[in-house]
$ cat work_18.cif   # mmCIF, C-alpha atoms and all ligand atoms
data_final
loop_
_atom_site.label_atom_id
_atom_site.label_comp_id
_atom_site.auth_asym_id
_atom_site.auth_seq_id
_atom_site.Cartn_x
_atom_site.Cartn_y
_atom_site.Cartn_z
CA MET C 216 -15.84 116.92 -23.22
CA ASN C 217 -17.02 116.91 -26.82
CA GLU C 218 -19.94 118.99 -28.04
CA LEU C 219 -22.48 116.13 -27.96
CA ASP C 220 -21.58 115.10 -24.40
CA SER C 221 -21.95 118.68 -23.22
CA ILE C 222 -25.41 118.92 -24.89
CA VAL C 223 -26.49 115.72 -23.14
CA ASP C 224 -25.14 117.12 -19.88
CA SER C 225 -26.98 120.39 -20.12
CA ALA C 226 -30.19 118.50 -21.11
CA ARG C 227 -29.88 116.40 -17.95
CA SER C 228 -29.46 119.44 -15.74
CA ALA C 229 -32.33 121.31 -17.50
CA PHE C 230 -34.62 118.32 -16.92
CA ALA C 231 -33.58 118.04 -13.30
CA ALA C 232 -34.38 121.73 -12.82
CA ALA C 233 -37.89 121.28 -14.23
CA LEU C 234 -40.35 120.93 -11.32
CA THR C 235 -43.58 120.43 -13.25
CA PRO C 236 -44.53 118.44 -16.38
CA ALA C 237 -45.03 121.74 -18.25
CA GLU C 238 -41.55 123.00 -17.35
CA LEU C 239 -40.14 119.65 -18.39
CA GLU C 240 -41.79 119.79 -21.82
CA ASN C 241 -40.41 123.32 -22.32
CA ALA C 242 -36.93 122.08 -21.45
CA LYS C 243 -37.31 119.17 -23.84
CA ALA C 244 -38.12 121.57 -26.70
CA GLN C 245 -34.70 123.20 -26.33
CA PHE C 246 -33.01 119.91 -27.23
CA THR C 247 -35.18 117.68 -29.37
CA GLY C 248 -37.92 120.14 -30.40
CA LYS C 249 -38.22 121.57 -33.93
CA THR C 250 -35.49 124.12 -33.30
CA GLY C 251 -33.78 122.19 -30.52
CA ARG C 252 -29.99 121.80 -30.41
CA ILE C 253 -29.99 118.13 -31.49
CA THR C 254 -32.45 118.85 -34.28
CA GLU C 255 -30.19 121.64 -35.53
CA LEU C 256 -27.18 119.31 -35.53
CA MET C 257 -29.09 116.79 -37.62
CA LYS C 258 -30.03 119.46 -40.13
CA GLY C 259 -26.33 120.36 -40.41
CA MET C 260 -25.50 116.80 -41.60
CA ALA C 261 -26.84 117.48 -45.09
CA ALA C 262 -23.46 118.93 -46.14
CA LEU C 263 -21.45 115.87 -45.04
CA SER C 264 -20.19 112.99 -47.16
CA VAL C 265 -21.80 109.56 -46.92
CA ASP C 266 -19.09 108.16 -44.63
CA GLU C 267 -19.10 111.20 -42.39
CA LYS C 268 -22.91 111.00 -42.19
CA LYS C 269 -22.64 107.43 -40.89
CA THR C 270 -20.30 108.19 -37.96
CA ARG C 271 -21.73 111.64 -37.18
CA GLY C 272 -25.32 110.33 -37.44
CA ALA C 273 -24.60 107.43 -35.09
CA ALA C 274 -23.02 109.79 -32.55
CA ILE C 275 -25.95 112.26 -32.69
CA ASN C 276 -28.40 109.37 -32.34
CA LEU C 277 -26.63 108.15 -29.23
CA ALA C 278 -26.81 111.63 -27.75
CA LYS C 279 -30.48 111.87 -28.68
CA GLN C 280 -31.23 108.51 -27.05
CA ALA C 281 -29.41 109.60 -23.91
CA ILE C 282 -31.50 112.79 -23.81
CA GLU C 283 -34.75 110.87 -24.32
CA ALA C 284 -33.85 108.40 -21.59
CA ALA C 285 -33.18 111.30 -19.21
CA LEU C 286 -36.46 112.92 -20.27
CA ASN C 287 -38.51 109.76 -19.62
CA ALA C 288 -36.85 109.20 -16.27
CA ARG C 289 -37.69 112.75 -15.24
CA ARG C 290 -41.29 112.41 -16.52
CA GLN C 291 -41.73 109.31 -14.40
CA ALA C 292 -40.18 110.97 -11.37
CA LEU C 293 -42.52 113.95 -11.65
CA ALA C 294 -45.56 111.68 -12.08
CA ASP C 295 -44.54 109.64 -9.02
CA ALA C 296 -44.13 112.79 -6.96
CA GLU C 297 -47.54 114.03 -8.08
CA LEU C 298 -49.21 110.75 -7.10
CA GLU C 299 -47.41 110.74 -3.78
CA SER C 300 -48.59 114.22 -2.84
CA GLN C 301 -52.15 113.33 -3.89
CA LEU C 302 -52.07 110.26 -1.65
CA GLN C 303 -50.75 112.40 1.17
CA ALA C 304 -53.54 114.92 0.74
CA GLU C 305 -56.25 112.28 0.64
CA SER C 306 -54.88 110.07 3.32
CA LEU C 307 -57.15 108.78 6.07
CA ASP C 308 -56.06 108.93 9.62
CA VAL C 309 -57.40 105.61 10.83
CA THR C 310 -56.41 106.46 14.39
CA LEU C 311 -59.00 109.30 14.61
CA PRO C 312 -62.07 108.48 16.78
CA GLY C 313 -65.28 107.63 14.86
CA ARG C 314 -68.12 110.13 14.38
CA MET C 315 -70.80 109.77 17.03
CA ARG C 316 -74.40 109.45 15.91
CA GLU C 317 -76.71 110.78 18.59
CA PRO C 318 -79.85 108.80 19.33
CA GLY C 319 -82.90 110.48 17.76
CA GLY C 320 -86.21 111.14 19.46
CA LEU C 321 -89.82 111.96 18.71
CA HIS C 322 -90.92 115.55 18.27
CA PRO C 323 -92.78 116.87 21.34
CA VAL C 324 -95.98 117.28 19.31
CA SER C 325 -95.63 113.69 18.06
CA LEU C 326 -95.27 112.59 21.67
CA THR C 327 -98.54 114.39 22.43
CA LEU C 328 -100.32 112.85 19.43
CA GLU C 329 -99.18 109.39 20.50
CA ARG C 330 -100.44 110.09 23.99
CA ILE C 331 -103.82 111.34 22.74
CA GLU C 332 -104.23 108.28 20.53
CA LEU C 333 -103.32 105.93 23.35
CA ILE C 334 -105.76 107.48 25.81
CA PHE C 335 -108.67 107.57 23.37
CA ALA C 336 -107.91 104.06 22.11
CA SER C 337 -108.27 102.91 25.71
CA MET C 338 -111.80 104.37 25.59
CA GLY C 339 -112.64 102.46 22.42
CA PHE C 340 -111.97 105.20 19.85
CA GLU C 341 -110.65 104.42 16.37
CA VAL C 342 -107.92 106.66 14.91
CA ALA C 343 -108.52 107.96 11.37
CA ASP C 344 -106.44 109.97 8.94
CA GLY C 345 -107.64 112.23 6.13
CA PRO C 346 -106.58 114.63 3.36
CA GLU C 347 -105.02 118.01 4.10
CA ILE C 348 -106.17 119.45 0.77
CA GLU C 349 -109.89 119.41 1.26
CA SER C 350 -112.96 120.30 -0.77
CA ASP C 351 -115.03 123.33 0.07
CA TRP C 352 -118.00 121.06 0.77
CA HIS C 353 -116.15 118.95 3.34
CA SER C 354 -114.42 121.88 5.08
CA PHE C 355 -117.50 124.08 5.34
CA THR C 356 -120.80 123.29 3.64
CA SER C 357 -121.18 119.74 4.99
CA LEU C 358 -120.56 121.19 8.45
CA ASN C 359 -123.60 123.44 8.25
CA ASN C 360 -121.46 126.37 7.12
CA PRO C 361 -122.82 127.27 3.65
CA PRO C 362 -121.17 129.68 1.17
CA ASN C 363 -121.46 133.31 2.29
CA HIS C 364 -122.28 132.33 5.86
CA PRO C 365 -120.53 134.76 8.24
CA ALA C 366 -119.21 131.84 10.31
CA ARG C 367 -116.81 131.07 7.46
CA SER C 368 -114.70 134.00 8.58
CA MET C 369 -114.06 132.22 11.91
CA GLN C 370 -111.24 130.47 10.08
CA ASP C 371 -108.95 132.50 7.84
CA THR C 372 -108.48 129.83 5.23
CA PHE C 373 -105.77 129.17 2.61
CA TYR C 374 -107.46 128.48 -0.70
CA VAL C 375 -105.74 126.20 -3.16
CA ASP C 376 -105.39 127.36 -6.73
CA ILE C 377 -106.71 124.19 -8.30
CA GLN C 378 -110.21 123.69 -9.45
CA GLY C 379 -111.45 120.33 -10.65
CA ASP C 380 -113.49 119.87 -13.85
CA ASP C 381 -116.42 119.57 -11.48
CA GLY C 382 -115.84 123.20 -10.40
CA ILE C 383 -115.01 122.14 -6.84
CA ALA C 384 -112.89 124.65 -4.93
CA TYR C 385 -110.22 123.30 -2.62
CA ASN C 386 -108.56 124.60 0.52
CA LEU C 387 -105.90 123.58 3.01
CA ARG C 388 -108.22 122.27 5.69
CA PRO C 389 -108.55 124.92 8.41
CA HIS C 390 -109.68 122.29 10.92
CA THR C 391 -110.00 118.52 11.24
CA SER C 392 -113.80 118.73 11.42
CA PRO C 393 -114.31 117.62 7.76
CA MET C 394 -113.08 114.23 8.97
CA GLN C 395 -116.34 113.84 10.91
CA VAL C 396 -118.29 113.64 7.67
CA ARG C 397 -115.62 111.71 5.75
CA TYR C 398 -115.32 109.08 8.45
CA ALA C 399 -119.11 108.82 8.85
CA HIS C 400 -119.48 108.21 5.09
CA VAL C 401 -117.00 105.34 5.22
CA HIS C 402 -118.71 103.94 8.31
CA VAL C 403 -122.20 104.19 6.77
CA LYS C 404 -120.97 102.48 3.60
CA LYS C 405 -119.38 99.70 5.63
CA HIS C 406 -122.65 99.02 7.43
CA ALA C 407 -124.96 99.70 4.47
CA GLU C 408 -126.42 96.17 4.50
CA THR C 409 -127.30 96.35 8.20
CA LEU C 410 -128.86 99.77 7.77
CA LYS C 411 -130.87 98.70 4.72
CA ALA C 412 -132.21 95.74 6.65
CA GLY C 413 -133.34 98.13 9.38
CA GLY C 414 -130.69 96.91 11.82
CA ALA C 415 -128.77 99.03 14.29
CA MET C 416 -125.61 100.69 13.03
CA PRO C 417 -122.58 100.23 15.30
CA GLU C 418 -121.64 103.50 16.97
CA ILE C 419 -119.12 105.84 15.42
CA ARG C 420 -116.35 106.47 17.89
CA VAL C 421 -113.30 108.04 16.32
CA ILE C 422 -110.54 110.60 16.73
CA CYS C 423 -108.83 112.22 13.74
CA PRO C 424 -105.49 113.89 14.52
CA GLY C 425 -103.59 115.76 11.82
CA ARG C 426 -102.18 118.91 10.33
CA THR C 427 -104.39 121.94 9.74
CA TYR C 428 -103.73 125.36 8.17
CA ARG C 429 -104.78 128.95 8.71
CA VAL C 430 -103.59 132.41 7.67
CA ASP C 431 -102.24 133.21 11.11
CA SER C 432 -98.77 133.64 12.60
CA ASP C 433 -97.60 134.83 16.00
CA ALA C 434 -96.28 133.39 19.28
CA THR C 435 -99.38 131.25 19.76
CA HIS C 436 -100.47 130.73 16.12
CA SER C 437 -98.67 129.03 13.27
CA PRO C 438 -99.89 128.82 9.63
CA MET C 439 -99.53 125.04 10.02
CA PHE C 440 -100.70 123.60 13.29
CA HIS C 441 -102.30 120.44 14.60
CA GLN C 442 -105.80 119.51 15.59
CA CYS C 443 -107.44 116.39 16.82
CA GLU C 444 -111.09 115.87 16.06
CA GLY C 445 -113.28 113.56 18.09
CA LEU C 446 -116.68 112.14 17.23
CA TRP C 447 -118.97 109.79 19.12
CA LEU C 448 -122.29 109.16 17.45
CA GLY C 449 -124.95 106.59 18.27
CA GLU C 450 -128.56 106.25 19.26
CA ASN C 451 -128.12 107.51 22.77
CA ILE C 452 -124.95 109.59 23.16
CA SER C 453 -125.39 112.79 25.11
CA PHE C 454 -123.54 115.84 26.37
CA LYS C 455 -123.04 113.94 29.61
CA ASP C 456 -120.86 111.44 27.70
CA LEU C 457 -118.83 114.31 26.26
CA LYS C 458 -118.18 115.62 29.77
CA VAL C 459 -117.14 112.22 31.08
CA VAL C 460 -114.93 111.37 28.10
CA PHE C 461 -113.21 114.71 27.89
CA THR C 462 -112.68 115.07 31.63
CA ASP C 463 -111.21 111.60 31.74
CA PHE C 464 -108.98 112.38 28.81
CA CYS C 465 -107.64 115.66 30.26
CA ARG C 466 -106.96 114.20 33.69
CA THR C 467 -105.12 111.25 32.18
CA PHE C 468 -103.22 113.42 29.72
CA PHE C 469 -102.02 115.86 32.38
CA GLU C 470 -101.71 113.14 35.05
CA SER C 471 -103.74 115.27 37.44
CA ASP C 472 -106.81 113.92 39.25
CA ASP C 473 -107.95 117.31 40.49
CA LEU C 474 -107.78 119.08 37.12
CA ALA C 475 -110.99 121.14 36.77
CA LEU C 476 -112.97 121.47 33.53
CA ARG C 477 -115.41 124.14 32.45
CA PHE C 478 -117.80 123.89 29.50
CA ARG C 479 -118.35 127.48 28.41
CA PRO C 480 -121.27 128.20 26.00
CA SER C 481 -120.06 129.10 22.53
CA PHE C 482 -121.00 128.90 18.87
CA PHE C 483 -119.94 126.59 16.07
CA PRO C 484 -122.08 126.02 12.99
CA PHE C 485 -121.67 122.24 13.26
CA THR C 486 -122.80 121.83 16.87
CA GLU C 487 -125.89 122.78 18.85
CA PRO C 488 -125.44 123.43 21.69
CA SER C 489 -121.75 124.34 21.48
CA ALA C 490 -119.19 124.74 24.21
CA GLU C 491 -115.61 125.83 24.59
CA ILE C 492 -113.73 123.56 26.99
CA ASP C 493 -111.40 125.21 29.51
CA ILE C 494 -109.16 123.46 31.99
CA GLN C 495 -107.72 124.68 35.28
CA PHE C 496 -104.69 123.27 37.07
CA GLN C 497 -104.83 123.27 40.87
CA SER C 498 -101.08 123.39 41.30
CA GLY C 499 -97.97 124.33 39.35
CA PRO C 500 -97.08 127.56 37.54
CA LEU C 501 -100.42 127.76 35.69
CA ALA C 502 -102.61 127.03 38.73
CA GLY C 503 -105.91 128.89 38.97
CA ARG C 504 -106.07 130.15 35.36
CA TRP C 505 -108.74 128.92 32.95
CA LEU C 506 -107.04 127.67 29.78
CA GLU C 507 -108.99 126.95 26.61
CA VAL C 508 -108.15 123.54 25.10
CA ALA C 509 -111.01 122.56 22.78
CA GLY C 510 -114.24 123.39 21.03
CA SER C 511 -117.10 120.93 21.33
CA GLY C 512 -120.79 120.34 21.17
CA GLN C 513 -123.68 118.13 20.22
CA VAL C 514 -123.48 117.32 16.51
CA HIS C 515 -125.92 119.55 14.57
CA PRO C 516 -128.80 117.67 12.87
CA THR C 517 -127.79 119.11 9.49
CA VAL C 518 -124.33 117.58 9.87
CA VAL C 519 -125.82 114.21 10.85
CA ARG C 520 -127.99 114.38 7.71
CA ASN C 521 -124.91 115.21 5.59
CA MET C 522 -123.28 112.10 7.02
CA GLY C 523 -126.09 110.13 5.41
CA LEU C 524 -127.79 109.40 8.72
CA ASP C 525 -131.19 110.21 10.19
CA PRO C 526 -130.81 112.99 12.79
CA GLU C 527 -134.01 111.78 14.46
CA LYS C 528 -132.23 108.52 15.19
CA TYR C 529 -128.55 109.34 15.62
CA ILE C 530 -127.18 111.83 18.08
CA GLY C 531 -123.78 112.46 19.61
CA PHE C 532 -120.98 114.85 20.32
CA ALA C 533 -117.88 116.13 18.65
CA PHE C 534 -114.85 118.06 19.79
CA GLY C 535 -111.78 119.61 18.26
CA MET C 536 -108.67 120.23 20.30
CA GLY C 537 -105.20 121.60 19.71
CA PRO C 538 -102.36 119.13 20.35
CA ASP C 539 -99.79 121.94 19.97
CA ARG C 540 -101.41 123.86 22.80
CA LEU C 541 -101.66 120.72 24.92
CA THR C 542 -97.92 120.20 24.36
CA MET C 543 -97.16 123.79 25.40
CA LEU C 544 -99.22 123.40 28.57
CA ARG C 545 -97.74 120.02 29.44
CA TYR C 546 -94.12 121.09 29.05
CA GLY C 547 -94.43 124.80 29.92
CA VAL C 548 -93.42 126.07 26.46
CA ASN C 549 -94.57 129.64 25.83
CA ASP C 550 -93.83 130.10 22.12
CA LEU C 551 -95.52 127.80 19.61
CA ARG C 552 -92.98 128.66 16.91
CA LEU C 553 -90.27 126.76 18.79
CA PHE C 554 -92.01 123.54 17.75
CA PHE C 555 -91.61 124.28 14.05
CA ASP C 556 -88.19 126.00 13.91
CA GLY C 557 -86.38 122.67 13.81
CA ASP C 558 -83.74 123.82 16.32
CA ILE C 559 -82.17 120.63 17.62
CA ARG C 560 -81.12 122.32 20.89
CA PHE C 561 -84.80 122.85 21.71
CA LEU C 562 -86.05 119.54 20.38
CA ARG C 563 -83.48 117.32 22.06
CA GLN C 564 -84.87 118.31 25.47
CA PHE C 565 -87.92 116.11 24.82
CA ARG C 566 -85.97 113.01 23.89
N1 LIG C 601 -113.38 122.97 14.22
C1 LIG C 601 -113.38 123.91 15.34
C2 LIG C 601 -112.25 124.90 15.16
O1 LIG C 601 -111.32 124.61 14.46
C3 LIG C 601 -113.22 123.17 16.65
C4 LIG C 601 -114.41 122.37 16.97
C5 LIG C 601 -115.44 122.92 17.68
C6 LIG C 601 -114.49 121.05 16.57
C7 LIG C 601 -116.56 122.20 18.01
C8 LIG C 601 -115.64 120.31 16.92
C9 LIG C 601 -116.65 120.90 17.63
O2 LIG C 601 -115.78 119.04 16.54
O3 LIG C 601 -117.73 120.15 17.95
O4 LIG C 601 -112.28 125.95 15.74
#
$ encode --input "work_18.cif" --output "structure tokens"
Amino acid sequence: MNELDSIVDSARSAFAAALTPAELENAKAQFTGKTGRITELMKGMAALSVDEKKTRGAAINLAKQAIEAALNARRQALADAELESQLQAESLDVTLPGRMREPGGLHPVSLTLERIELIFASMGFEVADGPEIESDWHSFTSLNNPPNHPARSMQDTFYVDIQGDDGIAYNLRPHTSPMQVRYAHVHVKKHAETLKAGGAMPEIRVICPGRTYRVDSDATHSPMFHQCEGLWLGENISFKDLKVVFTDFCRTFFESDDLALRFRPSFFPFTEPSAEIDIQFQSGPLAGRWLEVAGSGQVHPTVVRNMGLDPEKYIGFAFGMGPDRLTMLRYGVNDLRLFFDGDIRFLRQFR
């Protein structure tokens, strides 16, 4: 075997031994690189005569072409192998079973809110929604709870660090009661013509469910919780109507005809008289205990005036209840925080 053939041979075996593109390029350098064996042979031709250059040059060129052909073949082989292993790694097994998507369901508190809305709608109540970031006036002052009044400490309120150009202070509403005044304003505006003409304003009959916030956190209190406000205002709505409506609601909600209710005297700035409403089951695990479910009362004349109405003419009742607590009682849940942890194992039980 002549010298050139043996160079080509060793190039072929060096390329075959290279397992990565980088190894292959290193191997290539030994033959056709700047100081490679072929390159050196070409440099050595300078000393030859013209005729010798022709034959020697042609022979070296042939060897060089053979080396380059081997190099390209190996490059291609390595690239193919690389692609193949990539395809292997990313391959899809189309015989695997599909991923199951479980049916979703409503949150237990949402189920309660739907239920509350349905029951009150059947008694002719509208459902209204309002802002969770509320002005100081709506949350407190309009509800007969002026600045510096001790009753403000009944709710440990989150104050919001924004203050309008008008100097209004805002809070995360600590209750849904501001919706009484907001809704009344909209209602009064809607019937302004009738009122101006001395006509009778249609009654206000509304519930306002929604999120509320207080600085409070334990097994039965969450910084975010739910309330549902109720308001029925007209020319002749009395405490008797409150008793009938709320009793009817509770018995329907808990599907219990013998559920007992107790209206316990209490204080709220926005009602006079005021009452806490307790319920008592006659059977089941909670039977016999009085359980508080709402605050209520006859709407205070100052609040009626702040609604833009004449308290000598319009009278009615309001209540505020806790849908979270109703949910706990209905399903026998003893820790409120379970509702807001987002643990699917707990939530899926209500689906
Ligand atoms: N807003 C009261 C609270 O959060 C609950 C309440 C009491 C609402 C009496 C009312 C009411 O509408 O008349 O504690």
$ residues_near_ligand --input "work_18.cif" --ligand "ligand LIG 601 (chain C)" --cutoff "8 Å" --atoms "all atoms listed in the file" --output "list of chain:residue names"
C:Met369, C:Gln370, C:Pro389, C:His390, C:Thr391, C:Ser392, C:Gln395, C:Gln442, C:Glu444, C:Gly445, C:Leu446, C:Phe483, C:Phe485, C:Thr486, C:Ser489, C:Ala490, C:Glu491, C:Ala509, C:Gly510, C:Ser511, C:Gly512, C:Gln513, C:Val514, C:Phe532, C:Ala533, C:Phe534, C:Gly535, C:Met536
$ residues_around --input "work_18.cif" --residues "Ile559 in chain C" --least-positions-apart "5" --cutoff "12 Å" --atoms "all atoms listed in the file" --output "VMD selection string"
chain C and resid 317 319 to 323 553 to 554 564 to 566
$ closest_residue --input "work_18.cif" --among "C:Val519, C:Ile331, C:Ala262, C:Val396" --to "Pro538 in chain C" --atoms "all atoms listed in the file"
C:Ile331
$ atom_distance --input "work_18.cif" --atom1 "CA of Arg540 in chain C" --atom2 "CA of Thr435 in chain C"
8.2 Å
$ atom_distance --input "work_18.cif" --atom1 "CA of Asp433 in chain C" --atom2 "CA of Asp558 in chain C"
17.7 Å
$ atom_distance --input "work_18.cif" --atom1 "CA of Ile452 in chain C" --atom2 "CA of Tyr529 in chain C"
8.4 Å
$ residues_around --input "work_18.cif" --residues "Trp352 in chain C" --least-positions-apart "6" --cutoff "12 Å" --atoms "only C-alpha atoms" --output "compact mmCIF listing (two decimals) with C-alpha atoms, keeping the file's coordinate frame"
# COMPACT_ATOMS: atom_id res chain seq x y z
CA LEU C 358 -120.56 121.19 8.45
CA ASN C 359 -123.60 123.44 8.25
CA ASN C 360 -121.46 126.37 7.12
CA PRO C 361 -122.82 127.27 3.65
CA PRO C 362 -121.17 129.68 1.17
CA GLY C 382 -115.84 123.20 -10.40
CA ILE C 383 -115.01 122.14 -6.84
CA ALA C 384 -112.89 124.65 -4.93
CA TYR C 385 -110.22 123.30 -2.62
CA ASN C 386 -108.56 124.60 0.52
CA ARG C 388 -108.22 122.27 5.69
CA SER C 392 -113.80 118.73 11.42
CA PRO C 393 -114.31 117.62 7.76
CA MET C 394 -113.08 114.23 8.97
CA VAL C 396 -118.29 113.64 7.67
CA ARG C 397 -115.62 111.71 5.75
CA VAL C 518 -124.33 117.58 9.87
CA ASN C 521 -124.91 115.21 5.59
$ closest_residue --input "work_18.cif" --among "C:Phe454, C:Phe469, C:Tyr374, C:Phe464" --to "Gln497 in chain C" --atoms "all atoms listed in the file"
C:Phe469
$ closest_residue --input "work_18.cif" --among "C:Gly503, C:Ile334, C:His402, C:Ile492" --to "Pro480 in chain C" --atoms "only C-alpha atoms"
C:Ile492
$ closest_residue --input "work_18.cif" --among "C:Ser300, C:Thr427, C:Thr250, C:Ser228" --to "Ala285 in chain C" --atoms "all atoms listed in the file"
C:Ser228
$ closest_residue --input "work_18.cif" --among "C:Thr310, C:Ser264, C:Thr327, C:Gln280" --to "Met543 in chain C" --atoms "all atoms listed in the file"
C:Thr327
$ residues_near_point --input "work_18.cif" --point "(-105.3, 126.0, 37.5)" --cutoff "8 Å" --atoms "all atoms listed in the file" --output "PyMOL selection string"
chain C and resi 474-475+494-499+501-505
$ write_last_selection --input "work_18.cif" --atoms "C-alpha atoms" --output "PDB file, keeping the file's coordinate frame"
ATOM      1  CA  LEU C 474    -107.780 119.080  37.120  1.00  0.00           C
ATOM      2  CA  ALA C 475    -110.990 121.140  36.770  1.00  0.00           C
ATOM      3  CA  ILE C 494    -109.160 123.460  31.990  1.00  0.00           C
ATOM      4  CA  GLN C 495    -107.720 124.680  35.280  1.00  0.00           C
ATOM      5  CA  PHE C 496    -104.690 123.270  37.070  1.00  0.00           C
ATOM      6  CA  GLN C 497    -104.830 123.270  40.870  1.00  0.00           C
ATOM      7  CA  SER C 498    -101.080 123.390  41.300  1.00  0.00           C
ATOM      8  CA  GLY C 499     -97.970 124.330  39.350  1.00  0.00           C
ATOM      9  CA  LEU C 501    -100.420 127.760  35.690  1.00  0.00           C
ATOM     10  CA  ALA C 502    -102.610 127.030  38.730  1.00  0.00           C
ATOM     11  CA  GLY C 503    -105.910 128.890  38.970  1.00  0.00           C
ATOM     12  CA  ARG C 504    -106.070 130.150  35.360  1.00  0.00           C
ATOM     13  CA  TRP C 505    -108.740 128.920  32.950  1.00  0.00           C
TER      14      TRP C 505
END
$ closest_residue --input "work_18.cif" --among "C:Thr247, C:Asn276, C:Ser357, C:Ser325" --to "Arg520 in chain C" --atoms "all atoms listed in the file"
C:Ser357
$ residues_around --input "work_18.cif" --residues "Arg552 in chain C" --least-positions-apart "5" --cutoff "10 Å" --atoms "all atoms listed in the file" --output "ChimeraX atom specification"
/C:432-437,440,557
$ residues_around --input "work_18.cif" --residues "Met257 in chain C" --least-positions-apart "3" --cutoff "8 Å" --atoms "all atoms listed in the file" --output "list of chain:residue names"
C:Ile253, C:Thr254, C:Met260, C:Ala261, C:Gly272, C:Ile275
